[in-house]
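A.B. asks: Next comes the structure file final_14.txt, holding compact mmCIF, C-alpha atoms (C1' of nucleotides).
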# COMPACT_ATOMS: atom_id res chain seq x y z
CA MET A 427 0.00 0.00 0.00
CA THR A 428 2.98 2.31 -0.11
CA ARG A 429 2.39 5.20 -2.43
CA GLU A 430 4.73 5.51 -5.34
CA LYS A 431 7.62 7.85 -4.82
CA LEU A 432 7.62 11.19 -6.57
CA SER A 433 9.86 11.04 -9.64
CA PRO A 434 12.79 13.46 -9.91
CA THR A 435 11.22 14.81 -13.09
CA LYS A 436 7.96 15.71 -11.39
CA ALA A 437 9.84 17.13 -8.44
CA ALA A 438 11.79 19.36 -10.83
CA LEU A 439 8.57 20.60 -12.42
CA ARG A 440 7.20 21.51 -9.03
CA ALA A 441 10.47 23.13 -8.05
CA HIS A 442 10.34 25.38 -11.08
CA VAL A 443 7.01 26.84 -10.01
CA ILE A 444 7.92 27.07 -6.35
CA LYS A 445 11.25 28.74 -7.12
CA SER A 446 9.40 31.38 -9.06
CA LEU A 447 7.56 32.26 -5.85
CA ALA A 448 10.62 32.13 -3.64
CA HIS A 449 11.34 35.83 -3.44
CA PRO A 450 9.76 38.55 -1.28
CA SER A 451 9.20 40.94 -4.18
CA ARG A 452 7.57 38.28 -6.31
CA ILE A 453 5.33 37.28 -3.42
CA GLN A 454 4.29 40.91 -2.99
CA MET A 455 3.55 41.16 -6.69
CA VAL A 456 1.51 37.97 -6.81
CA ASP A 457 -0.39 39.12 -3.76
CA ALA A 458 -1.22 42.42 -5.40
CA LEU A 459 -2.14 40.75 -8.68
CA SER A 460 -4.69 38.61 -6.90
CA GLU A 461 -6.78 41.79 -6.73
CA GLY A 462 -6.61 42.30 -10.47
CA GLU A 463 -4.24 43.08 -13.30
CA MET A 464 -1.48 45.65 -12.97
CA CYS A 465 1.07 47.24 -15.26
CA VAL A 466 4.81 47.11 -14.66
CA CYS A 467 5.03 50.68 -13.45
CA ASP A 468 2.42 50.00 -10.75
CA LEU A 469 4.28 46.91 -9.64
CA THR A 470 7.53 48.85 -9.67
CA GLU A 471 6.05 51.38 -7.29
CA LEU A 472 4.66 48.57 -5.16
CA VAL A 473 7.95 46.80 -4.48
CA GLY A 474 10.18 49.86 -4.68
CA ALA A 475 12.89 48.46 -6.91
CA ASP A 476 14.28 49.39 -10.28
CA MET A 477 11.89 48.74 -13.14
CA SER A 478 14.43 46.49 -14.82
CA THR A 479 14.53 44.38 -11.69
CA VAL A 480 10.76 44.15 -11.57
CA SER A 481 10.64 43.23 -15.21
CA LYS A 482 13.01 40.34 -14.56
CA HIS A 483 10.89 39.16 -11.66
CA LEU A 484 7.87 39.18 -13.94
CA THR A 485 9.76 37.16 -16.51
CA VAL A 486 10.40 34.55 -13.84
CA LEU A 487 6.72 34.41 -12.88
CA LYS A 488 5.72 34.21 -16.51
CA SER A 489 8.11 31.38 -17.30
CA ALA A 490 6.55 29.40 -14.47
CA GLY A 491 3.10 29.99 -15.89
CA LEU A 492 1.90 31.99 -12.91
CA VAL A 493 1.08 35.17 -14.78
CA SER A 494 0.27 36.21 -18.30
CA VAL A 495 0.61 39.50 -20.07
CA GLU A 496 -1.43 41.63 -22.35
CA LYS A 497 -0.15 44.72 -24.03
CA ARG A 498 -2.44 47.71 -24.29
CA GLY A 499 -0.94 50.90 -25.54
CA LEU A 500 2.34 51.58 -23.83
CA ASN A 501 1.57 49.32 -20.91
CA GLN A 502 2.05 45.66 -20.26
CA PHE A 503 -0.73 44.38 -18.02
CA TYR A 504 0.11 41.34 -15.95
CA ARG A 505 -2.51 39.14 -14.38
CA LEU A 506 -2.53 35.99 -12.26
CA ASN A 507 -3.29 32.69 -13.96
CA CYS A 508 -4.22 30.79 -10.85
CA GLN A 509 -6.63 31.34 -7.98
CA CYS A 510 -5.34 28.57 -5.74
CA LEU A 511 -2.39 30.66 -4.60
CA ALA A 512 -4.46 32.09 -1.77
CA ASP A 513 -4.65 28.66 -0.14
CA PHE A 514 -1.02 28.19 -0.95
CA PHE A 515 -0.09 31.27 1.06
CA CYS A 516 -2.52 30.35 3.79
CA CYS A 517 -0.61 27.12 4.28
CA VAL A 518 2.68 29.00 4.35
CA ASP A 519 1.38 31.49 6.89
CA THR A 520 0.13 28.66 9.04
CA ILE A 521 3.55 27.05 8.99
CA ASN A 522 5.11 30.33 10.02
CA ALA A 523 2.67 30.93 12.82
CA GLN A 524 3.12 27.41 14.06
CA HIS A 525 6.88 27.62 13.77
CA THR A 526 7.19 30.91 15.59
CA ARG A 527 5.11 29.49 18.42
CA ALA A 528 7.12 26.29 18.25
CA LEU A 529 3.96 24.21 18.17
CA GLN A 530 4.40 20.84 16.60
CA ASP A 531 1.01 19.52 15.67
CA ALA A 532 -2.35 20.26 14.13
CA CYS A 533 -1.62 22.41 11.12
CA CYS A 534 -4.28 23.46 8.61
CA GLU A 535 -7.11 21.35 9.95
CA MET Z 640 -12.52 48.34 -0.46
CA THR Z 641 -8.98 47.82 -1.63
CA ARG Z 642 -7.26 45.22 0.48
CA GLU Z 643 -4.16 46.31 2.29
CA LYS Z 644 -0.92 45.54 0.55
CA LEU Z 645 1.26 42.75 1.87
CA SER Z 646 4.10 44.19 3.92
CA PRO Z 647 7.70 43.43 2.89
CA THR Z 648 8.19 41.81 6.29
CA LYS Z 649 5.35 39.37 5.81
CA ALA Z 650 6.46 38.71 2.26
CA ALA Z 651 9.92 37.87 3.56
CA LEU Z 652 8.46 35.44 6.09
CA ARG Z 653 6.56 33.68 3.35
CA ALA Z 654 9.62 33.66 1.13
CA HIS Z 655 11.62 31.90 3.78
CA VAL Z 656 9.22 28.98 3.85
CA ILE Z 657 8.74 28.87 0.10
CA LYS Z 658 12.49 28.99 -0.54
CA SER Z 659 12.93 26.00 1.68
CA LEU Z 660 10.68 24.07 -0.72
CA ALA Z 661 12.30 25.41 -3.86
CA HIS Z 662 14.53 22.44 -4.63
CA PRO Z 663 13.70 19.12 -6.33
CA SER Z 664 15.39 17.01 -3.66
CA ARG Z 665 13.62 18.79 -0.85
CA ILE Z 666 10.32 18.38 -2.64
CA GLN Z 667 11.00 14.65 -3.00
CA MET Z 668 11.85 14.44 0.67
CA VAL Z 669 8.77 16.32 1.81
CA ASP Z 670 6.65 14.13 -0.44
CA ALA Z 671 8.13 10.99 1.08
CA LEU Z 672 7.78 12.35 4.60
CA SER Z 673 4.07 12.90 4.06
CA GLU Z 674 3.80 9.11 4.35
CA GLY Z 675 5.53 9.08 7.71
CA GLU Z 676 8.82 9.73 9.42
CA MET Z 677 12.12 8.70 7.90
CA CYS Z 678 15.75 8.70 8.96
CA VAL Z 679 18.48 10.51 7.07
CA CYS Z 680 19.88 7.34 5.55
CA ASP Z 681 16.48 6.47 4.06
CA LEU Z 682 16.14 9.96 2.61
CA THR Z 683 19.68 9.75 1.30
CA GLU Z 684 18.81 6.63 -0.61
CA LEU Z 685 15.61 8.26 -1.83
CA VAL Z 686 17.22 11.27 -3.48
CA GLY Z 687 20.51 9.62 -4.40
CA ALA Z 688 22.86 12.31 -3.15
CA ASP Z 689 25.62 12.43 -0.58
CA MET Z 690 24.38 12.14 2.98
CA SER Z 691 26.00 15.44 3.87
CA THR Z 692 24.01 17.09 1.12
CA VAL Z 693 20.79 15.55 2.35
CA SER Z 694 21.58 16.59 5.89
CA LYS Z 695 21.98 20.17 4.72
CA HIS Z 696 18.67 20.03 2.86
CA LEU Z 697 17.02 18.83 6.04
CA THR Z 698 18.55 21.70 7.96
CA VAL Z 699 16.91 24.07 5.48
CA LEU Z 700 13.52 22.41 5.92
CA LYS Z 701 13.91 22.43 9.67
CA SER Z 702 14.83 26.12 9.80
CA ALA Z 703 11.63 26.89 7.92
CA GLY Z 704 9.61 24.90 10.43
CA LEU Z 705 8.49 22.31 7.91
CA VAL Z 706 9.98 19.30 9.65
CA SER Z 707 11.06 18.31 13.10
CA VAL Z 708 13.48 15.71 14.32
CA GLU Z 709 13.64 13.07 16.96
CA LYS Z 710 16.71 11.08 17.76
CA ARG Z 711 16.35 7.40 18.54
CA GLY Z 712 19.52 5.40 18.84
CA LEU Z 713 21.86 6.15 15.98
CA ASN Z 714 19.12 7.59 13.80
CA GLN Z 715 17.57 10.99 13.42
CA PHE Z 716 13.95 10.61 12.42
CA TYR Z 717 12.47 13.49 10.49
CA ARG Z 718 8.77 14.09 10.18
CA LEU Z 719 6.55 16.66 8.51
CA ASN Z 720 4.99 19.35 10.68
CA CYS Z 721 2.27 20.27 8.26
CA GLN Z 722 -0.35 18.35 6.32
CA CYS Z 723 -1.47 21.25 4.17
CA LEU Z 724 1.45 20.77 1.84
CA ALA Z 725 -0.58 18.29 -0.18
CA ASP Z 726 -2.92 21.09 -1.28
CA PHE Z 727 0.09 23.27 -1.81
CA PHE Z 728 1.54 20.79 -4.29
CA CYS Z 729 -1.84 20.22 -5.85
CA CYS Z 730 -1.99 23.91 -6.70
CA VAL Z 731 1.52 23.77 -8.14
CA ASP Z 732 0.68 20.76 -10.28
CA THR Z 733 -2.41 22.53 -11.57
CA ILE Z 734 -0.33 25.51 -12.61
CA ASN Z 735 2.09 23.23 -14.40
CA ALA Z 736 -0.65 21.38 -16.23
CA GLN Z 737 -2.28 24.64 -17.35
CA HIS Z 738 1.02 26.11 -18.39
CA THR Z 739 2.06 23.05 -20.36
CA ARG Z 740 -1.24 23.03 -22.17
CA ALA Z 741 -1.04 26.74 -22.89
CA LEU Z 742 2.40 26.26 -24.41
CA GLN Z 743 1.16 23.40 -26.56
CA ASP Z 744 -1.80 25.42 -27.76
CA ALA Z 745 0.50 28.31 -28.57
CA CYS Z 746 2.87 26.25 -30.68
CA CYS Z 747 0.21 24.23 -32.53
CA GLU Z 748 -1.64 27.13 -34.02
C1' DG G 889 38.36 1.12 25.30
C1' DC G 890 37.75 0.32 20.30
C1' DA G 891 35.38 -0.21 16.06
C1' DA G 892 31.25 0.56 13.32
C1' DT G 893 27.32 3.21 12.02
C1' DA G 894 24.56 7.60 11.52
C1' DA G 895 24.60 12.11 11.00
C1' DT G 896 26.42 16.95 11.11
C1' DT G 897 29.86 20.44 10.09
C1' DG G 898 33.54 22.76 7.58
C1' DG G 899 36.03 23.58 3.37
C1' DC G 900 36.06 24.36 -1.25
C1' DT G 901 34.31 25.15 -6.03
C1' DA G 902 30.82 25.83 -9.55
C1' DT G 903 26.67 27.83 -10.68
C1' DA G 904 22.44 30.59 -9.97
C1' DT G 905 20.25 34.70 -8.46
C1' DG G 906 19.32 39.59 -7.65
C1' DG G 907 20.44 44.21 -8.14
C1' DC G 908 21.26 48.60 -10.65
C1' DA G 909 22.66 51.09 -14.68
C1' DA G 910 22.75 51.77 -19.40
C1' DA G 911 21.34 50.62 -23.94
C1' DG G 912 17.68 48.95 -26.95
C1' DT G 913 12.67 48.44 -28.52
C1' DA G 914 7.94 49.65 -29.19
C1' DT G 915 4.03 52.71 -28.89
C1' DG G 916 1.65 57.09 -28.71
C1' DC G 917 1.36 61.92 -29.35
C1' DA G 918 2.55 66.59 -30.90
C1' DT B 1374 9.20 63.15 -37.85
C1' DG B 1375 10.81 63.43 -33.60
C1' DC B 1376 10.34 63.11 -28.64
C1' DA B 1377 8.48 61.05 -24.41
C1' DT B 1378 6.81 57.05 -22.05
C1' DA B 1379 6.86 52.16 -20.74
C1' DC B 1380 9.20 48.17 -20.83
C1' DT B 1381 12.83 44.73 -21.84
C1' DT B 1382 17.47 43.29 -22.42
C1' DT B 1383 22.30 43.29 -21.61
C1' DG B 1384 26.31 43.82 -18.81
C1' DC B 1385 28.51 43.49 -14.74
C1' DC B 1386 29.18 42.61 -9.83
C1' DA B 1387 28.01 40.78 -5.18
C1' DT B 1388 25.96 37.25 -2.79
C1' DA B 1389 23.63 32.81 -2.07
C1' DT B 1390 23.11 28.00 -3.01
C1' DA B 1391 24.30 23.13 -4.02
C1' DG B 1392 27.41 19.68 -4.40
C1' DC B 1393 31.07 16.49 -2.81
C1' DC B 1394 34.85 15.27 0.19
C1' DA B 1395 37.03 15.11 4.55
C1' DA B 1396 36.86 15.65 9.36
C1' DT B 1397 34.16 15.55 13.63
C1' DT B 1398 30.53 14.18 16.90
C1' DA B 1399 27.39 10.84 18.98
C1' DT B 1400 25.73 6.31 19.94
C1' DT B 1401 25.81 1.30 20.01
C1' DG B 1402 27.89 -3.18 20.43
C1' DC B 1403 31.95 -6.11 21.17
Could you take the file, read its structure, and then write that structure out as structure tokens?

C.D. replies:
Amino acid sequence: MTREKLSPTKAALRAHVIKSLAHPSRIQMVDALSEGEMCVCDLTELVGADMSTVSKHLTVLKSAGLVSVEKRGLNQFYRLNCQCLADFFCCVDTINAQHTRALQDACCE
Amino acid sequence: MTREKLSPTKAALRAHVIKSLAHPSRIQMVDALSEGEMCVCDLTELVGADMSTVSKHLTVLKSAGLVSVEKRGLNQFYRLNCQCLADFFCCVDTINAQHTRALQDACCE
DNA sequence: GCAATAATTGGCTATATGGCAAAGTATGCA
DNA sequence: TGCATACTTTGCCATATAGCCAATTATTGC
């Protein structure tokens, strides 16, 4: 009855997506985008970094399939592709809360 | 009714946890640990790396609060602290499936 | 005490990542 | 046509990460 082990290939696919979220600025951006689409200049103001830096972050998110872009006029509007990220972050926050309190059991139930 | 923006501090806390999951080997380990506790030598065999490497990966997971350890005899038994990671990975897999399909659609037009 | 096993730690190197600045590209407007 | 705006890309540097090997620590059994 042992479940089959996760293949290295599938683990690498997951890692690609998770790595794309593994940066504070990208987390802030994804969080903001969950409210609706935004252009690069808005996101630049949000995270307070150089626009070139923000653009690179967005490239990372895009390559992982988390966001997509639409060009309208001079602006590139980015939007989230997936709604399940809210639960994703909920789980992460729970882990943090639990960890900071050094509790060991009963997460996310 | 605009929701408040996520603070850089909270984003950094989330990033710490997410970064700890942003590696294929660590994802494999977490996946295996969802079935129950394992010692380092078992996990070493699972991912096929040097034991010192695996030990370092486990340190990363531990520092993020994802796993905890118990020593019994010669072995250190690691176990998952959180069950919500299954949903977490489910979301990631969904993103991958969507993204893969989107890429296929794009190239087959 | 000594050897064997399990795991962690330190040292080192290769590679990846993140940042800004500067140059390049595309669109809109006068 | 020419300039401003909004991005992206490139270049370069600093730092972080992952990997293995070797050395060290801890526990068990002889």

A.B. asks: Within 12 Å of Z:Leu713, counting only C-alpha atoms (C1' of nucleotides), which residues show up once you throw out same-chain ones fewer than 4 positions away? Write them as a ChimeraX atom specification, please.

C.D. replies: /Z:678-680,709 /G:892-895 /B:1398-1402

A.B. asks: Write out, as a short mmCIF file (atom, residue, chain, number, x, y, z; two decimals), in the frame of the given file, the residues just selected, with C-alpha atoms (C1' of nucleotides).

C.D. replies:
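Full text of part-v3.cif as output:
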data_model
loop_
_atom_site.label_atom_id
_atom_site.label_comp_id
_atom_site.auth_asym_id
_atom_site.auth_seq_id
_atom_site.Cartn_x
_atom_site.Cartn_y
_atom_site.Cartn_z
CA CYS Z 678 15.75 8.70 8.96
CA VAL Z 679 18.48 10.51 7.07
CA CYS Z 680 19.88 7.34 5.55
CA GLU Z 709 13.64 13.07 16.96
"C1'" DA G 892 31.25 0.56 13.32
"C1'" DT G 893 27.32 3.21 12.02
"C1'" DA G 894 24.56 7.60 11.52
"C1'" DA G 895 24.60 12.11 11.00
"C1'" DT B 1398 30.53 14.18 16.90
"C1'" DA B 1399 27.39 10.84 18.98
"C1'" DT B 1400 25.73 6.31 19.94
"C1'" DT B 1401 25.81 1.30 20.01
"C1'" DG B 1402 27.89 -3.18 20.43
#

A.B. asks: Given a cut-off of 7 Å, which residues of chain A touch chain Z, counting only C-alpha atoms, written out as an NGL selection string?

C.D. replies: :A and (431-432 or 434 or 437-438 or 440-441 or 443-445 or 447-450 or 453-454 or 457-458 or 491-492 or 508 or 510 or 514 or 517-519 or 521 or 525 or 530-531 or 533-534)

A.B. asks: Using all atoms listed in the file, which residues of stretch 500-522 of chain A come within 12 Å of stretch 1380-1384 of chain B, and what is the closest atom pair for each, with the distance in Å to one decimal? Give it as a tab-separated table, sorted by chain and residue number.

C.D. replies:
residue	atom	partner	partner_atom	distance
A:Leu500	CA	B:DC1380	C1'	8.2
A:Asn501	CA	B:DC1380	C1'	7.7
A:Gln502	CA	B:DC1380	C1'	7.6
A:Phe503	CA	B:DC1380	C1'	11.0

A.B. asks: Between atom CA of A:Lys482 and atom C1' of G:DC917, what is the distance in Å, rounded to a tenth?

C.D. replies: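 Between these atoms lies a distance of 28.6 Å.
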
A.B. asks: Find the spatial neighbours of B:DC1393, counting only C-alpha atoms (C1' of nucleotides), within a cut-off of 9 Å - ignore same-chain residues fewer than 6 positions away - and output them as a list in words.

C.D. replies: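 Once the adjacent positions are removed, what remains is Asp689, Ser691 and Thr692 of chain Z.
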
A.B. asks: Taking every C-alpha atom in sequence order, what RMSD separates chain Z from chain A after the best least-squares fit?

C.D. replies: 4.3 Å
